[in-house]
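Student: I'd like to ask you about the structure that follows.
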Amino acid sequence: MSDQPKIVIGTRGSPLALAQAHETRDRLQAAHEELRGEGIIEIEVIKTTGDMILDRPLSEIGGKGLFTKEIDNAQLEGRIDIAVHSMKDVPTWLPEGIDLPCILPREDVRDVFISNKAKCLADLPAGSVVGSASLRRQAQIKALYPHLEVITFRGNVQRRLSKLNEGVVDATLLAHAGLRRLKSEDVITSVIEEDEILPAVAQGAIGISCRSNDARMKKYLEPLHCAQSATRIEAERALLRILDGSCRTPIAALAVLDGDEIVLRGLIAKPDGTEVLTNEMRGPISDPDGLGTKAGQELKDRAGADFLAEATQA
Ligand SMILES: NCc1[nH]cc(CCC(=O)O)c1CC(=O)O
């Protein structure tokens, strides 16, 4: 028996969330010999509001934080020590008392196209139905392919694939990262390049949170942290923070590193895809927050209050 105190990892119960929690446990054990014993790291499943409501668009239920609030509370109350999050689903403002000291190396950021009817979005015949729950994907698809019909479509990967096979929709889009982590890449019809559909802020990134005062966990998480991934996500999240007045505005952003610079692309759209604004800015890797803030502000100024207000009502 070891006298090592346990570490409890909190996670949502979806297959993707569990895969990410297991990956985190494996990485902790690879980095720290003393965590390798049986039962030292436990995984605790927590049901969130977002997991319980499957029949409505997330934006209608109240948007951001739906997948994190119950987990944050478990963490603050000490029922779990760390929580593993898809950074895409984490609100830009963290609750008091919780830090996100660790970003794992980022997976592929792109969306993928899945269909039995065509090889890519461009090949779908007019009137085809594309199912997606994401306002970002919906707006970009409508903007590029106004002849397609886009419907709201939620549920975990397995559920979506069965709707596709039942013919409820002709095609759907998912994140490549999630499918890779689920080892379900065989369902992919084609990968969508980021210059066709710009990914969500922080797509493909996993973040690990702990209590702000938990020095022990911060020490354990240190070797798992990927500074490059964190810099990219910080720029994207700063852009989102500026534009996030409404969770109903389709927003996309992608930062890449180019030597000692960050190149940040941003996009906002009206939900019906009739207007899309994009920008691209560069800044030093030392200040991702400054770059994201500037880029977000530039989009916001260009859009004007009307654009963002209209987006809220659509
Ligand atoms: N919003 C749900 C969600 N949150 C994270 C992922 C996928 C993995 C990732 O982007 O890290 C998904 C599913 C999807 O969009 O296909």
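Residue numbering restarts at 1 for every chain of the structure tokens, chains are lettered A, B, ... in their displayed order, and ligands are numbered from 1 as they appear.
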Could you give me, as a Markdown table, every chain A residue with an atom at most 10 Å from ligand 1, plus its closest atom pair and distance in Å to one decimal, counting only C-alpha atoms and all ligand atoms, rows ordered by chain then number?
Tutor:
| residue | atom | partner | partner_atom_place_in_ligand_line | distance |
| --- | --- | --- | --- | --- |
| A:Leu16 | CA | ligand 1 | 7 (C) | 7.6 |
| A:Ala17 | CA | ligand 1 | 5 (C) | 8.6 |
| A:Gln20 | CA | ligand 1 | 11 (O) | 9.4 |
| A:Gly50 | CA | ligand 1 | 2 (C) | 9.6 |
| A:Leu58 | CA | ligand 1 | 1 (N) | 9.1 |
| A:Phe67 | CA | ligand 1 | 2 (C) | 9.1 |
| A:His85 | CA | ligand 1 | 5 (C) | 8.4 |
| A:Ser86 | CA | ligand 1 | 11 (O) | 4.9 |
| A:Met87 | CA | ligand 1 | 11 (O) | 6.6 |
| A:Lys88 | CA | ligand 1 | 4 (N) | 5.7 |
| A:Asp89 | CA | ligand 1 | 4 (N) | 5.7 |
| A:Val90 | CA | ligand 1 | 4 (N) | 9.2 |
| A:Arg106 | CA | ligand 1 | 11 (O) | 8.3 |
| A:Glu107 | CA | ligand 1 | 11 (O) | 7.4 |
| A:Asp108 | CA | ligand 1 | 10 (O) | 8.6 |
| A:Val109 | CA | ligand 1 | 10 (O) | 7.0 |
| A:Arg110 | CA | ligand 1 | 10 (O) | 8.5 |
| A:Asp111 | CA | ligand 1 | 16 (O) | 7.4 |
| A:Val112 | CA | ligand 1 | 16 (O) | 8.5 |
| A:Ser132 | CA | ligand 1 | 15 (O) | 9.0 |
| A:Ala133 | CA | ligand 1 | 1 (N) | 8.3 |
| A:Ser134 | CA | ligand 1 | 1 (N) | 7.5 |
| A:Arg137 | CA | ligand 1 | 15 (O) | 9.4 |
| A:Arg154 | CA | ligand 1 | 2 (C) | 9.2 |
| A:Gly155 | CA | ligand 1 | 2 (C) | 8.9 |
| A:Asn156 | CA | ligand 1 | 13 (C) | 7.5 |
| A:Val157 | CA | ligand 1 | 16 (O) | 7.4 |
| A:Thr172 | CA | ligand 1 | 16 (O) | 9.6 |
| A:Leu173 | CA | ligand 1 | 16 (O) | 7.0 |
| A:Leu174 | CA | ligand 1 | 16 (O) | 3.6 |
| A:Ala175 | CA | ligand 1 | 16 (O) | 3.8 |
| A:His176 | CA | ligand 1 | 16 (O) | 7.1 |
| A:Ala177 | CA | ligand 1 | 8 (C) | 4.9 |
| A:Gly178 | CA | ligand 1 | 8 (C) | 3.9 |
| A:Leu179 | CA | ligand 1 | 7 (C) | 7.4 |
| A:Arg180 | CA | ligand 1 | 8 (C) | 8.8 |
| A:Arg181 | CA | ligand 1 | 8 (C) | 8.1 |
| A:Leu182 | CA | ligand 1 | 8 (C) | 9.7 |
| A:Pro199 | CA | ligand 1 | 10 (O) | 8.6 |
| A:Ala200 | CA | ligand 1 | 10 (O) | 7.6 |
| A:Val201 | CA | ligand 1 | 10 (O) | 8.8 |
| A:Ala202 | CA | ligand 1 | 10 (O) | 7.1 |
| A:Gln203 | CA | ligand 1 | 10 (O) | 3.8 |
| A:Gly204 | CA | ligand 1 | 11 (O) | 3.3 |
| A:Ala205 | CA | ligand 1 | 11 (O) | 5.0 |
| A:Ile206 | CA | ligand 1 | 11 (O) | 6.3 |
| A:Gly207 | CA | ligand 1 | 11 (O) | 9.6 |
Student: Export, as an mmCIF file, in the first residue's frame, the selected residues with C-alpha atoms.
Tutor:
data_model
loop_
_atom_site.group_PDB
_atom_site.id
_atom_site.type_symbol
_atom_site.label_atom_id
_atom_site.label_comp_id
_atom_site.auth_asym_id
_atom_site.auth_seq_id
_atom_site.Cartn_x
_atom_site.Cartn_y
_atom_site.Cartn_z
ATOM 1 C CA LEU A 16 -15.210 11.656 -25.608
ATOM 2 C CA ALA A 17 -14.937 13.146 -22.120
ATOM 3 C CA GLN A 20 -9.868 12.623 -22.485
ATOM 4 C CA GLY A 50 -25.464 20.255 -21.157
ATOM 5 C CA LEU A 58 -27.200 24.945 -26.645
ATOM 6 C CA PHE A 67 -20.777 21.688 -19.563
ATOM 7 C CA HIS A 85 -12.213 20.025 -20.315
ATOM 8 C CA SER A 86 -12.572 20.406 -24.060
ATOM 9 C CA MET A 87 -11.364 24.002 -24.151
ATOM 10 C CA LYS A 88 -13.941 24.707 -26.845
ATOM 11 C CA ASP A 89 -16.665 24.325 -24.206
ATOM 12 C CA VAL A 90 -14.982 26.341 -21.446
ATOM 13 C CA ARG A 106 -3.365 20.394 -29.262
ATOM 14 C CA GLU A 107 -4.921 17.862 -31.630
ATOM 15 C CA ASP A 108 -5.913 18.562 -35.239
ATOM 16 C CA VAL A 109 -8.050 21.714 -35.236
ATOM 17 C CA ARG A 110 -10.117 21.004 -38.357
ATOM 18 C CA ASP A 111 -13.715 19.933 -38.803
ATOM 19 C CA VAL A 112 -14.545 16.839 -40.799
ATOM 20 C CA SER A 132 -25.106 20.555 -37.015
ATOM 21 C CA ALA A 133 -25.677 21.986 -33.573
ATOM 22 C CA SER A 134 -22.982 24.589 -33.947
ATOM 23 C CA ARG A 137 -20.727 25.590 -38.599
ATOM 24 C CA ARG A 154 -27.329 17.451 -31.312
ATOM 25 C CA GLY A 155 -26.119 14.491 -29.331
ATOM 26 C CA ASN A 156 -22.889 12.623 -28.961
ATOM 27 C CA VAL A 157 -20.961 11.219 -31.884
ATOM 28 C CA THR A 172 -22.903 16.295 -40.670
ATOM 29 C CA LEU A 173 -19.756 18.025 -39.466
ATOM 30 C CA LEU A 174 -17.720 17.082 -36.414
ATOM 31 C CA ALA A 175 -14.358 17.996 -34.944
ATOM 32 C CA HIS A 176 -11.502 15.852 -36.205
ATOM 33 C CA ALA A 177 -9.940 15.977 -32.742
ATOM 34 C CA GLY A 178 -12.877 14.297 -31.035
ATOM 35 C CA LEU A 179 -13.037 11.488 -33.578
ATOM 36 C CA ARG A 180 -9.307 10.879 -33.302
ATOM 37 C CA ARG A 181 -9.520 10.630 -29.533
ATOM 38 C CA LEU A 182 -12.436 8.207 -29.857
ATOM 39 C CA PRO A 199 -12.658 26.046 -36.539
ATOM 40 C CA ALA A 200 -14.093 27.024 -33.179
ATOM 41 C CA VAL A 201 -12.007 28.875 -30.654
ATOM 42 C CA ALA A 202 -9.775 26.290 -28.930
ATOM 43 C CA GLN A 203 -11.036 23.386 -31.024
ATOM 44 C CA GLY A 204 -8.895 20.306 -30.454
ATOM 45 C CA ALA A 205 -7.462 21.554 -27.169
ATOM 46 C CA ILE A 206 -7.824 19.913 -23.759
ATOM 47 C CA GLY A 207 -7.388 21.994 -20.625
#
Student: Give the strand (DSSP E or B) residues of segment 137-263 of chain A, as assigned by DSSP on the backbone, as a list in words.
Tutor: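 These are the residues in question: Glu149, Val150, Ile151, Ala171, Thr172, Leu173, Leu174, Ala175, Ser190, Val191, Ile192, Ile206, Gly207, Ile208, Ser209, Cys210, Arg211, Ile251, Ala252, Ala253, Leu254, Ala255, Val256, Leu257, Asp258, Glu261, Ile262 and Val263 of chain A.
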Student: Grab the atom CA of Arg216 of chain A to atom CA of Cys102 of chain A distance for me, in Å with one decimal place.
Tutor: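 If I compute the distance from atom CA of Arg216 of chain A to atom CA of Cys102 of chain A, I get 13.4 Å.
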Student: Restricting the calculation to only C-alpha atoms: of A:Arg159, A:Gln140, A:Ser14, A:Ala171, which residue gets closest to Pro125 of chain A?
Tutor: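 Looking only at the distances to Pro125 of chain A, the closest residue turns out to be A:Ala171.
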Student: Residues of segment 213-312 of chain A that approach segment 22-33 of chain A to 12 Å or less, counting only C-alpha atoms: could you list each one with the shortest pair of atoms and its distance in Å to one decimal, rows by chain and increasing residue number, as a Markdown table?
Tutor:
| residue | atom | partner | partner_atom | distance |
| --- | --- | --- | --- | --- |
| A:Met217 | CA | A:Leu28 | CA | 10.4 |
| A:Lys218 | CA | A:Leu28 | CA | 11.6 |
| A:Lys219 | CA | A:His32 | CA | 10.5 |
| A:Tyr220 | CA | A:Leu28 | CA | 7.1 |
| A:Leu221 | CA | A:Leu28 | CA | 7.3 |
| A:Glu222 | CA | A:Ala31 | CA | 9.6 |
| A:Pro223 | CA | A:Ala31 | CA | 6.8 |
| A:Leu224 | CA | A:Arg27 | CA | 6.9 |
| A:His225 | CA | A:Arg27 | CA | 10.5 |
Student: Excluding same-chain residues fewer than 3 positions from Asn279 of chain A, what lies within 8 Å of it counting only C-alpha atoms, as a PyMOL selection string?
Tutor: chain A and resi 265-267+295+299
Student: Just give me the gap between atom CA of Glu96 of chain A and atom CA of Cys210 of chain A in Å, one decimal is fine.
Tutor: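 Result for atom CA of Glu96 of chain A versus atom CA of Cys210 of chain A: 11.5 Å, one decimal.
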Student: Would you mind writing down, as a VMD selection string, each residue of segment 23-187 of chain A that DSSP on the backbone assigns to helix (DSSP H, G or I)?
Tutor: chain A and resid 23 to 31 33 to 35 49 to 52 58 to 61 69 to 76 87 to 89 121 to 123 135 to 144 157 to 165 176 to 181 185 to 187
Student: Quick one: residues within 12 Å of Gly259 of chain A, only C-alpha atoms counted, chain neighbours fewer than 2 positions away excluded, as a PyMOL selection string?
Tutor: chain A and resi 228+256-257+261-263+282-286
Student: Write the residues you've just listed into a file as a compact mmCIF listing (two decimals), in the first residue's frame, and include all heavy atoms for each of them.
Tutor:
# COMPACT_ATOMS: atom_id res chain seq x y z
N GLN A 228 3.16 26.10 -26.40
CA GLN A 228 2.75 26.57 -27.73
C GLN A 228 1.22 26.49 -27.88
O GLN A 228 0.58 27.43 -28.36
CB GLN A 228 3.37 25.74 -28.86
CG GLN A 228 4.82 26.05 -29.13
CD GLN A 228 5.73 25.06 -28.40
OE1 GLN A 228 5.34 24.44 -27.41
NE2 GLN A 228 6.95 24.92 -28.90
N VAL A 256 -2.13 30.31 -35.27
CA VAL A 256 -0.99 29.40 -35.52
C VAL A 256 0.28 30.18 -35.19
O VAL A 256 0.28 31.42 -35.18
CB VAL A 256 -0.94 28.87 -36.97
CG1 VAL A 256 -2.15 27.98 -37.27
CG2 VAL A 256 -0.85 30.00 -37.98
N LEU A 257 1.35 29.45 -34.92
CA LEU A 257 2.62 30.12 -34.61
C LEU A 257 3.48 30.13 -35.87
O LEU A 257 3.52 29.17 -36.64
CB LEU A 257 3.34 29.39 -33.48
CG LEU A 257 2.56 29.26 -32.17
CD1 LEU A 257 3.43 28.67 -31.08
CD2 LEU A 257 1.97 30.59 -31.72
N GLU A 261 6.13 34.75 -33.96
CA GLU A 261 4.87 35.48 -34.10
C GLU A 261 3.66 34.55 -34.06
O GLU A 261 3.77 33.37 -34.38
CB GLU A 261 4.85 36.25 -35.43
CG GLU A 261 5.72 37.49 -35.40
CD GLU A 261 5.47 38.39 -36.63
OE1 GLU A 261 5.23 37.85 -37.73
OE2 GLU A 261 5.52 39.60 -36.45
N ILE A 262 2.53 35.14 -33.69
CA ILE A 262 1.25 34.45 -33.76
C ILE A 262 0.49 35.03 -34.94
O ILE A 262 0.45 36.25 -35.11
CB ILE A 262 0.39 34.70 -32.50
CG1 ILE A 262 1.17 34.43 -31.23
CG2 ILE A 262 -0.91 33.90 -32.54
CD1 ILE A 262 0.49 34.98 -29.97
N VAL A 263 -0.10 34.16 -35.75
CA VAL A 263 -0.99 34.62 -36.81
C VAL A 263 -2.39 34.20 -36.41
O VAL A 263 -2.66 33.01 -36.23
CB VAL A 263 -0.63 33.98 -38.18
CG1 VAL A 263 -1.53 34.54 -39.27
CG2 VAL A 263 0.85 34.22 -38.50
N ARG A 282 -1.24 39.68 -37.00
CA ARG A 282 -0.03 39.08 -36.45
C ARG A 282 0.40 39.82 -35.20
O ARG A 282 0.23 41.04 -35.11
CB ARG A 282 1.13 39.26 -37.44
CG ARG A 282 1.19 38.25 -38.50
CD ARG A 282 2.30 38.58 -39.48
NE ARG A 282 2.33 37.53 -40.47
CZ ARG A 282 3.07 36.43 -40.35
NH1 ARG A 282 3.91 36.28 -39.35
NH2 ARG A 282 2.99 35.49 -41.26
N GLY A 283 1.03 39.10 -34.30
CA GLY A 283 1.58 39.74 -33.12
C GLY A 283 2.63 38.84 -32.49
O GLY A 283 2.72 37.67 -32.85
N PRO A 284 3.40 39.37 -31.56
CA PRO A 284 4.47 38.58 -30.93
C PRO A 284 3.92 37.47 -30.04
O PRO A 284 2.88 37.65 -29.40
CB PRO A 284 5.22 39.63 -30.09
CG PRO A 284 4.22 40.70 -29.83
CD PRO A 284 3.30 40.73 -31.01
N ILE A 285 4.63 36.33 -29.99
CA ILE A 285 4.15 35.23 -29.15
C ILE A 285 4.14 35.61 -27.67
O ILE A 285 3.47 34.96 -26.88
CB ILE A 285 4.96 33.91 -29.30
CG1 ILE A 285 6.45 34.15 -29.22
CG2 ILE A 285 4.60 33.16 -30.56
CD1 ILE A 285 7.24 32.86 -29.14
N SER A 286 4.83 36.71 -27.33
CA SER A 286 4.85 37.13 -25.93
C SER A 286 3.52 37.72 -25.48
O SER A 286 3.27 37.85 -24.28
CB SER A 286 5.96 38.16 -25.73
OG SER A 286 5.74 39.24 -26.64
